[in-house]
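Below: one structure, written as C-alpha cells.
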Amino acid sequence: MKHIVSFSGGKDSTAMLFMMIEIGMPIDEVVFVDLGVEFPEMLEHIDKVRFMIDVPFTVEIPNRGDFEYWMTQHVKTKGDNRGKIGYGWSDIGNRWCTKIKTDSIDRGRRRDYSYQGIAADESHRMQDDERNRYPLIEWGMTERDCLEYCYSLGFHWRGLYERRRRVSCYLCPLQSLPELKMVWRDYPELWANMKRLDKMSHRTFRPGMTLDQIEQRFIEESKQLTLKL
C-alpha cells in the first residue's frame, strides 16, 4: 500500500505535509484536486509547496471537468434526480463538491493509505475508514498550532488567513457573511464569476437568498458605513 497525502493547500494540510517530511514519515505521493475555484493566493502557495518538496506531486483534475461543469452541466444518471442537469450550489446537506474531490483522490488509490489534514480540534470530522490516517490528531496539533507552524516555515498566503478563518473555495456558500463580503469587496473578478454561475444554478446561493440579494445587502451596509464616516 502507498502513502498518499491529501493536500488542499490550507494551513492544516500544509502543516501535516511538512511535519511528516520533517520526522521522516513515508510519503509516496501528494495529491491536490483542482476544481478551478481557489483564491489566487492559494494557487501561489500550492505552486510554492509543489516546487519545494522532493515528493511526487499530482494535480488531479476531476473526471469530466471543473466546478462549473459539475454545477451547471453534469447530467445525473441515478435516483430521483436522474436526467437533471447540474448540481447547483452546494449546501450543508449536499456538499457534492467535497465528494467529487474525495472521489478524485480515491480514483486508482482505493487500496492506499490516505493522510488527511484534520486538526485535533476538529476530530469530529474523522471518517470511519481504516485507510485514513490523521497525523495532526495523533500529534494533538490544533488549527492554531498548524497556522503557527506554517508561519514559522515562512508560509503566509499573502495574508489570506489574517482576513479569513477559512480559505477554502472562494465561492463556497457555507462561508460566513463577513468572509463572503470580503470576496465581494476585494475580488471583484471572482465575485463577477460567482454571479454568472448564480444565474445558471437551479438552487439559490443560500436558502431563500440569491447572490444578487446578498450583494444588495453589502451595498446597503457600505452606504450606511459611509454615512457614519
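A note on labels: chains of the C-alpha cells are A, B, ... as shown, every chain counts residues from 1, and ligands are counted from 1 in their shown order.
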
Quiz prompt | Filtered DSSP result for range 106-199 of chain A, state strand (DSSP E or B), as a list in words | solution =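 Selecting the strand (DSSP E or B) positions of range 106-199 of chain A gives Tyr113, Ser114, Tyr115, Asn132 and Arg133 of chain A.
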
Could you make a table, as a Markdown table, of the residues of range 95-161 of chain A that have an atom within 9 Å of an atom of range 39-48 of chain A, each with its nearest atom pair and distance in Å to one decimal, counting only C-alpha atoms, in chain and number order?
```
| residue | atom | partner | partner_atom | distance |
| --- | --- | --- | --- | --- |
| A:Phe155 | CA | A:His45 | CA | 7.6 |
| A:His156 | CA | A:His45 | CA | 8.3 |
| A:Trp157 | CA | A:Glu41 | CA | 5.5 |
| A:Arg158 | CA | A:Glu41 | CA | 6.3 |
| A:Gly159 | CA | A:Glu41 | CA | 8.6 |
| A:Leu160 | CA | A:Glu41 | CA | 7.2 |
```

Quiz item: Which neighbours of Tyr187 in chain A fall inside 10 Å, counting only C-alpha atoms, when residues of the same chain fewer than 4 positions from it are skipped, and could you give them as an MDAnalysis selection string?
Solution: chainID A and resid 39:40 170 181:183 191:192

Exercise. Tell me, in Å to one decimal, how far CA of Arg95 in chain A is from CA of Ile118 in chain A.
Key: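 So the two atoms, CA of Arg95 in chain A and CA of Ile118 in chain A, lie 17.4 Å apart.
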
Quiz item: In chain A, what's alpha helix (DSSP H) per DSSP? Answer as number ranges by chain?
Solution: A: 11-23, 40-52, 67-72, 96-106, 135-139, 143-152, 160-163, 177-186, 188-198, 211-228

Practice problem: Can you pull out every residue within 12 Å of Asp129 in chain A, counting only C-alpha atoms, but drop anything in the same chain fewer than 3 positions away, and send it as a ChimeraX atom specification? | Solution: /A:110-116,125-126,132-134

Exercise. For Pro135 in chain A, please output as a list of chain:residue names all residues within 10 Å (counting only C-alpha atoms; exclusion window: fewer than 2 positions along the same chain).
Key: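 In the requested format, the answer is A:Met16, A:Leu17, A:Met19, A:Met20, A:Tyr115, A:Gln116, A:Gly117, A:Ile118, A:Ala119, A:Ala120, A:Asn132, A:Arg133, A:Ile137, A:Glu138, A:Trp139, A:Gly140, A:Met141.
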
What does the file look like for those residues with C-alpha atoms, as a CSV table (one decimal), in the first residue's frame?
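Output saved as result34.csv:
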```csv
chain,number,residue,atom,x,y,z
A,16,MET,CA,0.8,17.9,8.2
A,17,LEU,CA,2.8,17.5,5.0
A,19,MET,CA,5.7,17.8,9.7
A,20,MET,CA,5.6,14.4,8.0
A,115,TYR,CA,-3.4,11.1,5.1
A,116,GLN,CA,-6.0,13.7,6.0
A,117,GLY,CA,-5.1,17.2,7.3
A,118,ILE,CA,-7.7,17.4,10.1
A,119,ALA,CA,-6.6,19.2,13.2
A,120,ALA,CA,-7.1,17.9,16.7
A,132,ASN,CA,-7.5,7.1,6.5
A,133,ARG,CA,-4.7,8.4,8.7
A,137,ILE,CA,-5.0,14.5,15.6
A,138,GLU,CA,-2.4,11.9,16.7
A,139,TRP,CA,0.1,14.7,17.4
A,140,GLY,CA,-2.5,16.9,19.2
A,141,MET,CA,-2.0,19.8,16.8
```

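Rounded to one decimal, CA of Gly86 in chain A and CA of Glu60 in chain A lie 21.0 Å from each other.
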
Exercise. Find the residues around Thr98 in chain A up to 12 Å (only C-alpha atoms counted), leave out those fewer than 3 positions away in its own chain, and share them as a PyMOL selection string.
Key: chain A and resi 8+33-35+62+67+70+90-95+101-105+168-169+172

Got time to write the residues from that selection, N, CA and C atoms, as an mmCIF file, in the first residue's frame?
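Heads up, here's the output in result-v1.cif:
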```
data_model
loop_
_atom_site.group_PDB
_atom_site.id
_atom_site.type_symbol
_atom_site.label_atom_id
_atom_site.label_comp_id
_atom_site.auth_asym_id
_atom_site.auth_seq_id
_atom_site.Cartn_x
_atom_site.Cartn_y
_atom_site.Cartn_z
ATOM 1 N N SER A 8 -4.863 20.124 0.399
ATOM 2 C CA SER A 8 -5.754 21.197 -0.056
ATOM 3 C C SER A 8 -5.008 22.501 -0.253
ATOM 4 N N VAL A 33 -6.491 18.304 -5.584
ATOM 5 C CA VAL A 33 -7.588 18.259 -6.552
ATOM 6 C C VAL A 33 -7.975 19.684 -6.930
ATOM 7 N N ASP A 34 -7.867 19.995 -8.203
ATOM 8 C CA ASP A 34 -8.111 21.355 -8.692
ATOM 9 C C ASP A 34 -9.478 21.448 -9.361
ATOM 10 N N LEU A 35 -10.412 22.115 -8.677
ATOM 11 C CA LEU A 35 -11.743 22.367 -9.236
ATOM 12 C C LEU A 35 -11.816 23.728 -9.912
ATOM 13 N N PRO A 62 -10.737 16.557 -11.647
ATOM 14 C CA PRO A 62 -11.875 15.642 -11.530
ATOM 15 C C PRO A 62 -12.317 15.097 -12.880
ATOM 16 N N PHE A 67 -15.374 22.720 -11.462
ATOM 17 C CA PHE A 67 -16.546 23.056 -10.653
ATOM 18 C C PHE A 67 -17.727 23.475 -11.515
ATOM 19 N N TRP A 70 -19.601 20.495 -13.141
ATOM 20 C CA TRP A 70 -20.438 19.714 -12.219
ATOM 21 C C TRP A 70 -21.625 20.525 -11.718
ATOM 22 N N SER A 90 -23.884 24.070 -3.689
ATOM 23 C CA SER A 90 -23.872 23.093 -2.604
ATOM 24 C C SER A 90 -24.467 23.718 -1.342
ATOM 25 N N ASP A 91 -24.793 22.886 -0.375
ATOM 26 C CA ASP A 91 -25.224 23.385 0.931
ATOM 27 C C ASP A 91 -24.810 22.382 1.992
ATOM 28 N N ILE A 92 -25.160 22.639 3.228
ATOM 29 C CA ILE A 92 -24.695 21.817 4.334
ATOM 30 C C ILE A 92 -25.145 20.366 4.195
ATOM 31 N N GLY A 93 -26.273 20.153 3.533
ATOM 32 C CA GLY A 93 -26.781 18.789 3.371
ATOM 33 C C GLY A 93 -26.404 18.148 2.051
ATOM 34 N N ASN A 94 -25.739 18.899 1.187
ATOM 35 C CA ASN A 94 -25.382 18.356 -0.129
ATOM 36 C C ASN A 94 -24.051 18.963 -0.581
ATOM 37 N N ARG A 95 -22.975 18.507 0.058
ATOM 38 C CA ARG A 95 -21.648 19.039 -0.258
ATOM 39 C C ARG A 95 -21.032 18.187 -1.380
ATOM 40 N N LYS A 101 -14.085 15.854 -4.887
ATOM 41 C CA LYS A 101 -12.662 15.906 -4.550
ATOM 42 C C LYS A 101 -12.199 14.578 -3.973
ATOM 43 N N THR A 102 -12.985 14.033 -3.064
ATOM 44 C CA THR A 102 -12.629 12.762 -2.440
ATOM 45 C C THR A 102 -12.562 11.646 -3.469
ATOM 46 N N ASP A 103 -13.554 11.604 -4.345
ATOM 47 C CA ASP A 103 -13.572 10.571 -5.386
ATOM 48 C C ASP A 103 -12.372 10.701 -6.324
ATOM 49 N N SER A 104 -11.977 11.955 -6.603
ATOM 50 C CA SER A 104 -10.841 12.185 -7.491
ATOM 51 C C SER A 104 -9.542 11.661 -6.874
ATOM 52 N N ILE A 105 -9.393 11.872 -5.570
ATOM 53 C CA ILE A 105 -8.200 11.366 -4.889
ATOM 54 C C ILE A 105 -8.221 9.849 -4.824
ATOM 55 N N SER A 168 -10.986 28.071 2.031
ATOM 56 C CA SER A 168 -11.411 27.078 1.037
ATOM 57 C C SER A 168 -11.901 27.802 -0.216
ATOM 58 N N CYS A 169 -12.603 27.114 -1.087
ATOM 59 C CA CYS A 169 -13.053 27.680 -2.360
ATOM 60 C C CYS A 169 -13.716 29.044 -2.156
ATOM 61 N N CYS A 172 -17.654 29.229 -1.933
ATOM 62 C CA CYS A 172 -18.379 28.299 -1.064
ATOM 63 C C CYS A 172 -19.569 28.990 -0.392
#
```

Practice problem: Tell me which of A:Pro173, A:Gly154, A:Gly108, A:Pro188 sits closest to Thr210 in chain A, counting only C-alpha atoms. | Solution: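 Of A:Pro173, A:Gly154, A:Gly108, A:Pro188, the one nearest Thr210 in chain A is A:Pro173, counting only C-alpha atoms.
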
Quiz prompt | Residues within 7 Å of range 57-59 of chain A, only C-alpha atoms, excluding chain neighbours under 5 positions, as number ranges by chain | solution = A: 29-34, 50

Quiz item: Given the choices A:Leu190, A:Leu180, A:Leu197, A:Leu136, which gets closest to Tyr149 in chain A if the distance is worked out from only C-alpha atoms?
Solution: A:Leu136

Practice problem: Between A:Pro207, A:Pro56, A:Gly36, A:Pro178, single out the one closest to His3 in chain A, counting only C-alpha atoms. | Solution: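 The shortest atom-to-atom distance to His3 in chain A comes from A:Pro56.
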
Quiz item: When distances are computed from only C-alpha atoms, which of A:Asp54, A:Tyr87, A:Trp184, A:Arg131 shows the smallest separation from Met1 in chain A?
Solution: A:Arg131

Quiz prompt | Using only C-alpha atoms: which of A:Met200, A:Leu153, A:Ile219, A:Ile4 has the shortest distance to Gly88 in chain A | solution = A:Met200

Practice problem: Rounded to one decimal place, report the CA of Ile100 in chain A-CA of Glu162 in chain A distance in Å. | Solution: 28.7 Å
